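model30.cif (mmCIF, C-alpha atoms) appears below.
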```cif
data_my_file
loop_
_atom_site.label_atom_id
_atom_site.label_comp_id
_atom_site.auth_asym_id
_atom_site.auth_seq_id
_atom_site.Cartn_x
_atom_site.Cartn_y
_atom_site.Cartn_z
CA MET H 1 -9.71 -78.04 41.76
CA ILE H 2 -11.51 -74.83 40.82
CA ILE H 3 -14.33 -75.00 38.28
CA GLY H 4 -15.58 -71.81 36.64
CA PHE H 5 -18.96 -71.34 34.96
CA TYR H 6 -20.15 -68.48 32.74
CA GLY H 7 -23.37 -67.08 31.35
CA ARG H 8 -26.38 -69.36 31.81
CA LEU H 9 -24.15 -72.03 33.40
CA ALA H 10 -23.10 -69.60 36.15
CA GLU H 11 -26.74 -69.00 36.96
CA ARG H 12 -27.29 -72.71 37.26
CA PHE H 13 -24.15 -73.98 39.02
CA GLY H 14 -22.69 -70.81 40.55
CA ARG H 15 -19.77 -68.81 39.26
CA GLU H 16 -17.04 -70.86 40.86
CA LEU H 17 -16.96 -74.21 42.55
CA GLU H 18 -14.22 -75.98 44.52
CA LEU H 19 -14.25 -79.70 44.01
CA ASP H 20 -12.03 -82.72 44.72
CA VAL H 21 -11.98 -85.33 41.97
CA PRO H 22 -10.49 -88.85 41.99
CA ASP H 23 -7.06 -89.40 40.42
CA GLY H 24 -7.33 -90.01 36.70
CA THR H 25 -10.48 -87.93 36.18
CA ASP H 26 -10.50 -86.48 32.67
CA VAL H 27 -12.48 -83.59 31.20
CA ALA H 28 -15.22 -85.90 29.90
CA ALA H 29 -15.70 -87.43 33.36
CA LEU H 30 -15.89 -84.01 34.98
CA ARG H 31 -18.50 -82.90 32.43
CA ALA H 32 -20.60 -85.96 33.24
CA ARG H 33 -21.01 -84.83 36.85
CA PHE H 34 -23.11 -81.87 35.70
CA ASP H 35 -26.28 -81.80 33.69
CA GLY H 36 -26.17 -79.79 30.45
CA LEU H 37 -22.41 -79.61 29.80
CA ASP H 38 -22.78 -81.10 26.32
CA ALA H 39 -19.32 -81.24 24.67
CA ALA H 40 -20.87 -80.15 21.36
CA THR H 41 -21.84 -76.73 22.71
CA VAL H 42 -19.95 -76.20 25.99
CA ARG H 43 -16.21 -75.65 25.55
CA ALA H 44 -13.85 -76.77 28.33
CA LEU H 45 -10.69 -74.85 29.20
CA VAL H 46 -8.00 -76.17 31.51
CA ASN H 47 -5.80 -73.41 32.88
CA ASP H 48 -7.12 -70.96 30.26
CA THR H 49 -6.40 -73.26 27.32
CA THR H 50 -8.88 -75.30 25.29
CA ALA H 51 -8.60 -78.89 26.50
CA ARG H 52 -9.13 -82.31 24.92
CA GLU H 53 -11.89 -84.46 26.39
CA ASP H 54 -9.33 -87.05 27.56
CA ALA H 55 -7.05 -84.54 29.30
CA ILE H 56 -6.35 -85.82 32.84
CA LEU H 57 -7.07 -83.29 35.57
CA GLY H 58 -4.92 -82.65 38.64
CA PRO H 59 -5.81 -81.01 41.97
CA GLY H 60 -4.17 -77.65 41.09
CA ASP H 61 -5.98 -77.24 37.77
CA ARG H 62 -8.64 -74.68 36.98
CA VAL H 63 -11.35 -75.86 34.61
CA ASP H 64 -13.72 -73.39 32.91
CA PHE H 65 -16.90 -74.41 31.11
CA LEU H 66 -17.92 -71.89 28.46
CA PRO H 67 -21.41 -71.99 26.93
CA PRO H 68 -21.79 -70.60 23.37
CA LEU H 69 -20.61 -66.99 23.14
CA SER H 70 -23.27 -64.39 22.58
CA GLY H 71 -20.73 -61.94 21.17
CA GLY H 72 -20.25 -58.33 22.12
CA MET B 1 -23.90 -5.66 -10.37
CA ILE B 2 -21.81 -7.77 -8.00
CA ILE B 3 -19.68 -10.57 -9.43
CA GLY B 4 -18.30 -13.27 -7.11
CA PHE B 5 -15.33 -15.51 -7.83
CA TYR B 6 -14.19 -18.64 -5.95
CA GLY B 7 -11.16 -20.88 -5.70
CA ARG B 8 -8.53 -20.27 -8.37
CA LEU B 9 -10.78 -17.65 -9.99
CA ALA B 10 -10.82 -15.57 -6.78
CA GLU B 11 -7.02 -15.57 -6.81
CA ARG B 12 -7.04 -14.29 -10.35
CA PHE B 13 -9.88 -11.76 -10.41
CA GLY B 14 -10.45 -10.99 -6.73
CA ARG B 15 -13.21 -12.31 -4.54
CA GLU B 16 -15.84 -9.78 -5.47
CA LEU B 17 -16.10 -7.18 -8.16
CA GLU B 18 -18.61 -4.38 -8.69
CA LEU B 19 -19.30 -3.77 -12.36
CA ASP B 20 -21.78 -1.85 -14.52
CA VAL B 21 -22.83 -3.68 -17.68
CA PRO B 22 -24.85 -2.37 -20.66
CA ASP B 23 -28.57 -3.12 -20.82
CA GLY B 24 -29.23 -6.50 -22.41
CA THR B 25 -25.95 -8.12 -21.27
CA ASP B 26 -26.44 -11.85 -20.82
CA VAL B 27 -24.38 -14.42 -18.90
CA ALA B 28 -22.41 -15.41 -22.00
CA ALA B 29 -21.46 -11.78 -22.67
CA LEU B 30 -20.36 -11.29 -19.06
CA ARG B 31 -18.20 -14.43 -19.25
CA ALA B 32 -16.53 -13.11 -22.40
CA ARG B 33 -15.17 -10.10 -20.47
CA PHE B 34 -12.92 -12.40 -18.45
CA ASP B 35 -10.30 -14.83 -19.58
CA GLY B 36 -10.76 -18.46 -18.50
CA LEU B 37 -14.48 -18.54 -17.66
CA ASP B 38 -15.12 -21.43 -20.05
CA ALA B 39 -18.82 -22.39 -19.85
CA ALA B 40 -17.87 -26.09 -19.99
CA THR B 41 -16.10 -25.97 -16.64
CA VAL B 42 -17.11 -22.73 -14.88
CA ARG B 43 -20.69 -22.69 -13.68
CA ALA B 44 -22.56 -19.36 -13.52
CA LEU B 45 -25.11 -18.59 -10.81
CA VAL B 46 -27.42 -15.60 -10.88
CA ASN B 47 -28.80 -14.76 -7.44
CA ASP B 48 -27.67 -18.17 -6.09
CA THR B 49 -29.39 -20.16 -8.86
CA THR B 50 -27.75 -21.87 -11.84
CA ALA B 51 -28.35 -19.62 -14.84
CA ARG B 52 -28.73 -20.18 -18.58
CA GLU B 53 -26.12 -18.60 -20.82
CA ASP B 54 -28.75 -16.34 -22.41
CA ALA B 55 -30.17 -15.04 -19.10
CA ILE B 56 -30.29 -11.23 -19.25
CA LEU B 57 -28.60 -9.52 -16.31
CA GLY B 58 -29.94 -6.47 -14.47
CA PRO B 59 -28.07 -3.97 -12.26
CA GLY B 60 -29.29 -5.53 -8.98
CA ASP B 61 -28.19 -9.07 -9.83
CA ARG B 62 -25.39 -10.99 -8.21
CA VAL B 63 -23.47 -13.32 -10.51
CA ASP B 64 -21.16 -16.03 -9.13
CA PHE B 65 -18.66 -17.92 -11.24
CA LEU B 66 -17.81 -21.33 -9.78
CA PRO B 67 -14.80 -23.31 -11.00
CA PRO B 68 -14.99 -27.13 -10.68
CA LEU B 69 -15.56 -28.20 -7.08
CA SER B 70 -12.70 -29.92 -5.32
CA GLY B 71 -15.03 -31.55 -2.82
CA GLY B 72 -14.71 -31.64 0.94
CA MET E 1 -34.47 -37.91 11.09
CA ARG E 2 -32.79 -35.00 12.85
CA ILE E 3 -30.34 -33.14 10.59
CA ASP E 4 -27.50 -30.95 11.79
CA ALA E 5 -25.22 -29.65 9.03
CA ARG E 6 -22.82 -26.84 9.78
CA LEU E 7 -19.96 -24.95 8.20
CA ALA E 8 -17.20 -24.32 10.76
CA HIS E 9 -15.19 -21.14 10.21
CA ALA E 10 -12.66 -22.03 12.91
CA ALA E 11 -11.10 -25.20 14.32
CA PHE E 12 -13.61 -27.60 15.92
CA ASP E 13 -13.28 -30.67 18.15
CA PRO E 14 -14.62 -33.93 16.65
CA ALA E 15 -14.91 -35.57 20.10
CA LYS E 16 -17.15 -32.73 21.28
CA GLU E 17 -19.26 -33.17 18.14
CA LEU E 18 -19.65 -36.86 18.96
CA ALA E 19 -20.47 -36.04 22.60
CA GLY E 20 -23.15 -33.60 21.54
CA PHE E 21 -24.61 -35.98 18.98
CA ALA E 22 -27.56 -37.14 21.06
CA ALA E 23 -28.55 -40.61 20.01
CA GLU E 24 -31.71 -41.07 22.04
CA GLY E 25 -32.95 -44.59 21.55
CA ALA E 26 -30.34 -45.40 18.88
CA GLY E 27 -28.35 -48.60 19.18
CA ALA E 28 -25.62 -47.60 16.75
CA VAL E 29 -23.58 -44.47 16.09
CA ALA E 30 -20.97 -44.45 13.33
CA SER E 31 -18.65 -41.50 12.81
CA PHE E 32 -15.89 -40.38 10.52
CA THR E 33 -13.33 -37.63 11.02
CA GLY E 34 -11.18 -36.40 8.15
CA LEU E 35 -8.02 -34.64 9.26
CA CYS E 36 -5.59 -32.38 7.46
CA ARG E 37 -2.49 -34.43 6.69
CA SER E 38 1.02 -33.04 6.57
CA THR E 39 1.82 -34.62 3.22
CA ALA E 40 0.17 -34.26 -0.19
CA LYS E 41 -0.71 -37.25 -2.40
CA ASP E 42 2.65 -36.92 -4.16
CA GLY E 43 4.45 -37.10 -0.80
CA ALA E 44 5.36 -33.40 -0.65
CA THR E 45 5.12 -31.70 2.74
CA ILE E 46 2.14 -29.39 3.01
CA ALA E 47 1.87 -26.44 5.34
CA GLY E 48 -1.92 -26.56 5.31
CA LEU E 49 -5.09 -26.39 3.29
CA PHE E 50 -7.30 -23.52 2.31
CA LEU E 51 -10.95 -24.38 1.68
CA ASP E 52 -12.77 -21.62 -0.15
CA HIS E 53 -16.56 -21.52 0.18
CA HIS E 54 -19.66 -19.70 -1.04
CA PRO E 55 -21.28 -17.49 1.64
CA ARG E 56 -24.68 -19.24 1.41
CA LEU E 57 -24.57 -22.18 -0.95
CA THR E 58 -21.75 -24.13 0.72
CA GLU E 59 -23.67 -24.61 3.96
CA LYS E 60 -26.78 -25.37 1.89
CA SER E 61 -24.85 -28.10 0.03
CA LEU E 62 -23.90 -29.65 3.39
CA HIS E 63 -27.52 -29.61 4.46
CA ASP E 64 -28.72 -31.12 1.16
CA ILE E 65 -26.17 -33.93 1.41
CA ALA E 66 -27.13 -34.65 5.04
CA ALA E 67 -30.82 -34.71 4.09
CA ALA E 68 -30.11 -37.27 1.35
CA ALA E 69 -29.06 -39.73 4.08
CA ALA E 70 -32.79 -40.19 4.75
CA ARG E 71 -32.46 -43.11 2.28
CA PHE E 72 -31.00 -45.03 5.25
CA GLU E 73 -32.96 -45.84 8.40
CA LEU E 74 -31.43 -43.16 10.60
CA SER E 75 -32.63 -41.29 13.66
CA ALA E 76 -30.06 -38.49 13.34
CA VAL E 77 -27.24 -37.27 11.14
CA ARG E 78 -24.57 -34.62 11.69
CA ILE E 79 -22.08 -33.01 9.33
CA VAL E 80 -19.54 -30.41 10.45
CA HIS E 81 -17.19 -29.14 7.74
CA ARG E 82 -14.36 -26.62 8.05
CA CYS E 83 -13.67 -23.79 5.66
CA GLY E 84 -10.79 -21.35 5.56
CA SER E 85 -7.17 -22.07 6.48
CA ILE E 86 -6.65 -25.50 8.03
CA ALA E 87 -3.38 -26.62 9.64
CA PRO E 88 -2.05 -30.21 9.57
CA GLY E 89 -3.66 -32.23 12.35
CA GLU E 90 -6.84 -30.14 12.38
CA ALA E 91 -10.18 -31.72 11.54
CA ILE E 92 -11.58 -30.94 8.09
CA VAL E 93 -14.83 -32.86 8.37
CA PHE E 94 -16.84 -34.78 10.97
CA VAL E 95 -19.79 -36.97 9.99
CA ALA E 96 -21.97 -39.02 12.34
CA ALA E 97 -25.07 -41.14 11.83
CA ALA E 98 -27.31 -42.71 14.50
CA ALA E 99 -29.54 -45.67 13.75
CA ALA E 100 -31.24 -48.58 15.41
CA HIS E 101 -28.87 -50.97 13.63
CA ARG E 102 -25.21 -50.71 12.81
CA ARG E 103 -25.38 -51.49 9.08
CA ALA E 104 -27.54 -48.40 8.43
CA ALA E 105 -25.19 -46.20 10.49
CA PHE E 106 -22.07 -47.51 8.69
CA ASP E 107 -23.60 -47.21 5.23
CA ALA E 108 -24.87 -43.69 5.89
CA VAL E 109 -21.44 -42.40 6.97
CA ASP E 110 -19.77 -44.09 4.00
CA TYR E 111 -22.37 -42.57 1.65
CA LEU E 112 -22.10 -39.10 3.20
CA MET E 113 -18.32 -39.05 2.85
CA ASP E 114 -18.55 -40.09 -0.80
CA ARG E 115 -21.13 -37.36 -1.45
CA LEU E 116 -19.08 -34.71 0.40
CA LYS E 117 -15.97 -35.56 -1.62
CA THR E 118 -17.69 -34.70 -4.89
CA ASP E 119 -20.79 -32.59 -4.15
CA ALA E 120 -19.87 -30.31 -1.25
CA LEU E 121 -19.37 -26.77 -2.49
CA PHE E 122 -15.69 -26.24 -1.70
CA TRP E 123 -12.57 -25.26 -3.55
CA LYS E 124 -9.43 -26.67 -2.00
CA ARG E 125 -5.92 -25.30 -2.21
CA GLU E 126 -2.93 -27.22 -0.88
CA ASP E 127 -0.30 -24.88 0.45
CA GLY E 128 3.09 -26.53 0.22
CA VAL E 129 6.63 -25.41 0.83
CA ASP E 130 7.09 -24.99 -2.93
CA GLY E 131 3.89 -23.05 -3.54
CA SER E 132 0.16 -23.67 -3.70
CA ALA E 133 -2.08 -25.76 -5.94
CA TRP E 134 -5.86 -25.83 -6.40
CA ILE E 135 -7.26 -29.38 -6.28
CA GLU E 136 -10.05 -30.85 -8.38
CA PRO E 137 -11.96 -34.10 -7.66
CA THR E 138 -10.08 -37.25 -8.59
CA GLU E 139 -11.37 -40.07 -10.75
CA SER E 140 -11.33 -42.20 -7.59
CA ASP E 141 -13.66 -39.72 -5.83
CA ARG E 142 -16.03 -39.84 -8.82
CA ALA E 143 -15.97 -43.64 -8.81
CA ASP E 144 -16.81 -43.71 -5.08
CA ARG E 145 -19.68 -41.29 -5.68
CA ALA E 146 -20.96 -43.51 -8.53
CA ARG E 147 -21.35 -46.46 -6.14
CA TRP E 148 -24.62 -44.86 -4.96
CA SER E 149 -27.56 -44.60 -7.34
CA ALA E 150 -28.46 -41.03 -6.40
CA MET F 1 -0.03 -50.15 14.46
CA ARG F 2 -0.82 -49.03 18.00
CA ILE F 3 -3.34 -51.30 19.73
CA ASP F 4 -5.49 -50.34 22.70
CA ALA F 5 -8.06 -52.96 23.72
CA ARG F 6 -9.75 -52.65 27.09
CA LEU F 7 -12.54 -54.23 29.09
CA ALA F 8 -14.55 -51.53 30.91
CA HIS F 9 -16.09 -52.65 34.21
CA ALA F 10 -18.10 -49.43 34.57
CA ALA F 11 -19.80 -46.94 32.24
CA PHE F 12 -17.44 -45.15 29.86
CA ASP F 13 -17.76 -42.10 27.59
CA PRO F 14 -17.32 -42.82 23.85
CA ALA F 15 -16.60 -39.14 23.10
CA LYS F 16 -13.70 -39.19 25.58
CA GLU F 17 -12.43 -42.37 23.94
CA LEU F 18 -12.47 -40.62 20.57
CA ALA F 19 -10.78 -37.54 22.08
CA GLY F 20 -8.01 -39.68 23.55
CA PHE F 21 -7.53 -41.64 20.34
CA ALA F 22 -4.44 -39.84 19.13
CA ALA F 23 -4.28 -39.97 15.39
CA GLU F 24 -0.86 -38.44 14.75
CA GLY F 25 -0.35 -38.12 11.03
CA ALA F 26 -3.56 -39.98 10.18
CA GLY F 27 -5.94 -38.47 7.66
CA ALA F 28 -8.93 -40.61 8.59
CA VAL F 29 -10.53 -41.79 11.83
CA ALA F 30 -13.63 -43.99 11.73
CA SER F 31 -15.49 -44.94 14.87
CA PHE F 32 -18.46 -46.98 15.96
CA THR F 33 -20.38 -46.88 19.23
CA GLY F 34 -22.87 -49.59 20.13
CA LEU F 35 -25.40 -48.52 22.75
CA CYS F 36 -27.75 -50.48 24.95
CA ARG F 37 -31.23 -50.11 23.49
CA SER F 38 -34.40 -50.04 25.53
CA THR F 39 -36.16 -52.64 23.38
CA ALA F 40 -35.25 -56.21 22.53
CA LYS F 41 -35.37 -57.60 18.98
CA ASP F 42 -38.92 -58.79 19.57
CA GLY F 43 -39.95 -55.27 20.62
CA ALA F 44 -40.22 -56.05 24.34
CA THR F 45 -38.98 -53.37 26.73
CA ILE F 46 -35.68 -54.26 28.34
CA ALA F 47 -34.44 -52.94 31.66
CA GLY F 48 -30.82 -53.56 30.73
CA LEU F 49 -28.16 -56.03 29.69
CA PHE F 50 -25.77 -58.13 31.69
CA LEU F 51 -22.53 -59.07 29.93
CA ASP F 52 -20.73 -61.90 31.69
CA HIS F 53 -16.99 -62.23 31.05
CA HIS F 54 -13.98 -64.41 31.81
CA PRO F 55 -11.48 -62.79 34.22
CA ARG F 56 -8.54 -63.06 31.81
CA LEU F 57 -9.63 -64.42 28.45
CA THR F 58 -12.29 -61.83 27.63
CA GLU F 59 -9.83 -58.95 27.57
CA LYS F 60 -7.40 -61.19 25.67
CA SER F 61 -10.10 -61.84 23.05
CA LEU F 62 -10.54 -58.07 22.61
CA HIS F 63 -6.81 -57.66 22.14
CA ASP F 64 -6.61 -60.54 19.65
CA ILE F 65 -9.47 -59.09 17.60
CA ALA F 66 -7.87 -55.62 17.62
CA ALA F 67 -4.54 -57.08 16.53
CA ALA F 68 -6.22 -58.82 13.59
CA ALA F 69 -7.05 -55.38 12.17
CA ALA F 70 -3.39 -55.21 11.10
CA ARG F 71 -4.69 -56.66 7.80
CA PHE F 72 -5.79 -53.09 7.02
CA GLU F 73 -3.36 -50.19 6.62
CA LEU F 74 -3.92 -48.62 10.04
CA SER F 75 -1.81 -46.46 12.29
CA ALA F 76 -3.90 -47.16 15.41
CA VAL F 77 -6.89 -49.13 16.62
CA ARG F 78 -8.91 -48.91 19.83
CA ILE F 79 -11.56 -51.21 21.30
CA VAL F 80 -13.34 -50.48 24.59
CA HIS F 81 -15.99 -53.03 25.61
CA ARG F 82 -18.23 -52.98 28.67
CA CYS F 83 -18.96 -55.93 30.90
CA GLY F 84 -21.37 -56.26 33.81
CA SER F 85 -24.76 -54.60 34.12
CA ILE F 86 -25.50 -52.06 31.38
CA ALA F 87 -28.46 -49.69 31.42
CA PRO F 88 -30.35 -48.52 28.30
CA GLY F 89 -28.53 -45.58 26.72
CA GLU F 90 -25.12 -46.65 28.05
CA ALA F 91 -22.34 -47.55 25.63
CA ILE F 92 -21.60 -51.26 25.19
CA VAL F 93 -18.72 -50.97 22.76
CA PHE F 94 -16.54 -48.30 21.16
CA VAL F 95 -14.27 -49.08 18.22
CA ALA F 96 -12.00 -46.63 16.39
CA ALA F 97 -9.46 -47.02 13.60
CA ALA F 98 -7.00 -44.41 12.30
CA ALA F 99 -5.49 -44.63 8.85
CA ALA F 100 -3.94 -42.51 6.14
CA HIS F 101 -7.01 -43.12 3.96
CA ARG F 102 -10.67 -43.38 4.77
CA ARG F 103 -11.43 -46.71 3.06
CA ALA F 104 -9.00 -48.56 5.37
CA ALA F 105 -10.46 -46.85 8.46
CA PHE F 106 -14.06 -47.68 7.44
CA ASP F 107 -13.27 -51.29 6.54
CA ALA F 108 -11.35 -51.86 9.76
CA VAL F 109 -14.20 -50.65 12.00
CA ASP F 110 -16.71 -52.71 10.02
CA TYR F 111 -14.46 -55.78 10.32
CA LEU F 112 -13.83 -55.26 14.04
CA MET F 113 -17.55 -54.99 14.80
CA ASP F 114 -18.28 -58.20 12.87
CA ARG F 115 -15.49 -60.00 14.73
CA LEU F 116 -16.64 -58.67 18.13
CA LYS F 117 -20.21 -59.83 17.49
CA THR F 118 -19.12 -63.45 17.13
CA ASP F 119 -15.63 -63.85 18.63
CA ALA F 120 -15.52 -61.60 21.70
CA LEU F 121 -15.70 -63.70 24.85
CA PHE F 122 -19.00 -62.51 26.33
CA TRP F 123 -22.26 -64.05 27.47
CA LYS F 124 -25.17 -61.65 27.17
CA ARG F 125 -28.38 -61.67 29.17
CA GLU F 126 -31.28 -59.38 28.33
CA ASP F 127 -33.15 -58.36 31.44
CA GLY F 128 -36.74 -57.56 30.55
CA VAL F 129 -39.82 -56.73 32.52
CA ASP F 130 -41.02 -60.33 32.06
CA GLY F 131 -37.74 -61.97 33.07
CA SER F 132 -34.30 -62.56 31.65
CA ALA F 133 -32.95 -64.43 28.64
CA TRP F 134 -29.43 -65.47 27.65
CA ILE F 135 -28.62 -64.56 24.04
CA GLU F 136 -26.62 -66.60 21.53
CA PRO F 137 -25.16 -65.32 18.24
CA THR F 138 -27.67 -64.99 15.43
CA GLU F 139 -27.34 -66.43 11.93
CA SER F 140 -27.06 -62.84 10.72
CA ASP F 141 -24.02 -62.26 13.00
CA ARG F 142 -22.41 -65.44 11.65
CA ALA F 143 -23.08 -64.32 8.07
CA ASP F 144 -21.47 -60.92 8.76
CA ARG F 145 -18.45 -62.64 10.26
CA ALA F 146 -18.19 -64.92 7.20
CA ARG F 147 -17.76 -61.88 4.92
CA TRP F 148 -14.12 -61.76 6.03
CA SER F 149 -11.76 -64.57 5.07
CA ALA F 150 -10.11 -64.82 8.49
#
```
Could you spell out this file's structure in structure tokens?
Amino acid sequence: MIIGFYGRLAERFGRELELDVPDGTDVAALRARFDGLDAATVRALVNDTTAREDAILGPGDRVDFLPPLSGG
Amino acid sequence: MIIGFYGRLAERFGRELELDVPDGTDVAALRARFDGLDAATVRALVNDTTAREDAILGPGDRVDFLPPLSGG
Amino acid sequence: MRIDARLAHAAFDPAKELAGFAAEGAGAVASFTGLCRSTAKDGATIAGLFLDHHPRLTEKSLHDIAAAAARFELSAVRIVHRCGSIAPGEAIVFVAAAAAHRRAAFDAVDYLMDRLKTDALFWKREDGVDGSAWIEPTESDRADRARWSA
Amino acid sequence: MRIDARLAHAAFDPAKELAGFAAEGAGAVASFTGLCRSTAKDGATIAGLFLDHHPRLTEKSLHDIAAAAARFELSAVRIVHRCGSIAPGEAIVFVAAAAAHRRAAFDAVDYLMDRLKTDALFWKREDGVDGSAWIEPTESDRADRARWSA
């Protein structure tokens, strides 16, 4: 699975990360592996679409964690 | 004396006219020589400055008659 | 505030005017270009416009209007306005304002266009296929102008 | 309405963007250019900005915002937005709207800038002499955005 980070998160965790997760891992569980991915402020996308916290992740998925937008 | 006309007035009377007027002619008297120079809508300038109707004109003056502006 | 207000006697290029509008230190540049349309308000096809002007006072009116934009927090303002015969598609007017912040730049351009529509010293003739007509300011132009206190 | 919304990975020229913004038949073209300033809001000198972006969704957000300007009576709209490292004086964003009438063109550019400030998919870092800081939208940006019903 590919995980993408942006803005201040990219500085902290790197821009992109390849990671294997156990079967049945959902978005909430993936968040919990990293410090500071608070669901209230950091939006999760799975394959470019906003994902529910209980969405189950598979090995071919791409997950992006987006901190609050600063705007253009 | 040079008289300048603009917009629809220039079409009617020509752009510029050279005219001798009797001593003591004022703006109102000059207006009265032309048809359609109503003081309510046609502004008179003497030497590029808005003039009173009773301003006395001399041979070296330039008088401009400005119809209502159409704007830019 | 730098002021550049010019009467253009021949066709000009709005993009070049924007390029030359140095905005040193400014964060925001707003611009407006008014172009000669090929139809009149009543839908009739027009062949062009003729904008009559006064040899000295028209350019002075442009300068006075530009200077009045000092009421906004601007670093620079530019007005370029055509006179003479203008073909459809040609620019009639270009206005630009540079400011630290975008609200001032927007408001200044909006204000300048409203002022130009009523206070610029021009007389406009629409030349149509069925003849020509001299235009006077509309009630809508006057109402736009009245939005600003001075 | 023609829509042109692009993410620029290198410096671009706003005047060229205005020149290329064909306004066939339009009577009014409004534009806005946002430039990188050399001082931050707190007055500190900044060396530049870094605008982080998503490889696909950032450009899509620009396109979605441009398309939303269909609520105005426009013939064309253009958005060009930088990403990456931006030096003071360089353009960050260029927005243009073409319409038959100037009010629609003005309102569209104003609307697009408000939308871009809150809804464009960017993460902005100010690089100053004393270090860097990631920026989040201000209350004032949110208030501007809230002026429009959607």
Chain fit of chain B to chain H, all Cα atoms, as a CSV table (one decimal) with C-alpha atoms, in the coordinates of the input:
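Full text of part-v5.csv as output:
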```csv
chain,number,residue,atom,x,y,z
B,1,MET,CA,-9.7,-78.0,41.8
B,2,ILE,CA,-11.5,-74.8,40.8
B,3,ILE,CA,-14.3,-75.0,38.3
B,4,GLY,CA,-15.6,-71.8,36.6
B,5,PHE,CA,-19.0,-71.4,35.0
B,6,TYR,CA,-20.2,-68.5,32.7
B,7,GLY,CA,-23.4,-67.1,31.3
B,8,ARG,CA,-26.4,-69.4,31.8
B,9,LEU,CA,-24.2,-72.0,33.4
B,10,ALA,CA,-23.1,-69.6,36.1
B,11,GLU,CA,-26.8,-69.0,37.0
B,12,ARG,CA,-27.3,-72.7,37.3
B,13,PHE,CA,-24.2,-74.0,39.0
B,14,GLY,CA,-22.7,-70.8,40.6
B,15,ARG,CA,-19.8,-68.8,39.3
B,16,GLU,CA,-17.0,-70.9,40.9
B,17,LEU,CA,-17.0,-74.2,42.6
B,18,GLU,CA,-14.2,-76.0,44.5
B,19,LEU,CA,-14.2,-79.7,44.0
B,20,ASP,CA,-12.0,-82.7,44.7
B,21,VAL,CA,-12.0,-85.3,42.0
B,22,PRO,CA,-10.5,-88.9,42.0
B,23,ASP,CA,-7.1,-89.4,40.5
B,24,GLY,CA,-7.3,-90.0,36.7
B,25,THR,CA,-10.5,-87.9,36.2
B,26,ASP,CA,-10.5,-86.5,32.7
B,27,VAL,CA,-12.5,-83.6,31.2
B,28,ALA,CA,-15.2,-85.9,29.9
B,29,ALA,CA,-15.7,-87.4,33.4
B,30,LEU,CA,-15.9,-84.0,35.0
B,31,ARG,CA,-18.5,-82.9,32.4
B,32,ALA,CA,-20.6,-86.0,33.2
B,33,ARG,CA,-21.0,-84.8,36.9
B,34,PHE,CA,-23.1,-81.9,35.7
B,35,ASP,CA,-26.3,-81.8,33.7
B,36,GLY,CA,-26.2,-79.8,30.4
B,37,LEU,CA,-22.4,-79.6,29.8
B,38,ASP,CA,-22.8,-81.1,26.3
B,39,ALA,CA,-19.3,-81.2,24.7
B,40,ALA,CA,-20.9,-80.1,21.3
B,41,THR,CA,-21.8,-76.7,22.7
B,42,VAL,CA,-19.9,-76.2,26.0
B,43,ARG,CA,-16.2,-75.6,25.5
B,44,ALA,CA,-13.9,-76.8,28.3
B,45,LEU,CA,-10.7,-74.9,29.2
B,46,VAL,CA,-8.0,-76.2,31.5
B,47,ASN,CA,-5.8,-73.4,32.9
B,48,ASP,CA,-7.1,-71.0,30.2
B,49,THR,CA,-6.4,-73.3,27.3
B,50,THR,CA,-8.9,-75.3,25.3
B,51,ALA,CA,-8.6,-78.9,26.5
B,52,ARG,CA,-9.2,-82.3,24.9
B,53,GLU,CA,-11.9,-84.5,26.4
B,54,ASP,CA,-9.4,-87.0,27.6
B,55,ALA,CA,-7.1,-84.5,29.3
B,56,ILE,CA,-6.4,-85.8,32.9
B,57,LEU,CA,-7.1,-83.3,35.6
B,58,GLY,CA,-4.9,-82.7,38.6
B,59,PRO,CA,-5.8,-81.0,42.0
B,60,GLY,CA,-4.2,-77.7,41.1
B,61,ASP,CA,-6.0,-77.2,37.8
B,62,ARG,CA,-8.6,-74.7,37.0
B,63,VAL,CA,-11.4,-75.9,34.6
B,64,ASP,CA,-13.7,-73.4,32.9
B,65,PHE,CA,-16.9,-74.4,31.1
B,66,LEU,CA,-17.9,-71.9,28.4
B,67,PRO,CA,-21.4,-72.0,26.9
B,68,PRO,CA,-21.8,-70.6,23.4
B,69,LEU,CA,-20.6,-67.0,23.1
B,70,SER,CA,-23.3,-64.3,22.6
B,71,GLY,CA,-20.7,-61.9,21.2
B,72,GLY,CA,-20.2,-58.3,22.1
```
Within 12 Å of Thr49 (chain H) using only C-alpha atoms, minus same-chain residues under 5 positions, as a ChimeraX atom specification: /H:43-44,55,61-66 /F:56-57
Enter the distance from CA of Ala8 (chain E) to CA of Val80 (chain E), in Å, rounded to one decimal. 6.5 Å
Translate the PyMOL selection byres ((chain E) within 12 of (chain B)) into a concrete residue list for this structure, as an MDAnalysis selection string. chainID E and resid 7 33:36 49:62 65 79:84 91:95 112:126 132:139 141:142 145
Between CA of Ile3 (chain F) and CA of Pro88 (chain E), what is the spacing in Å? 23.4 Å
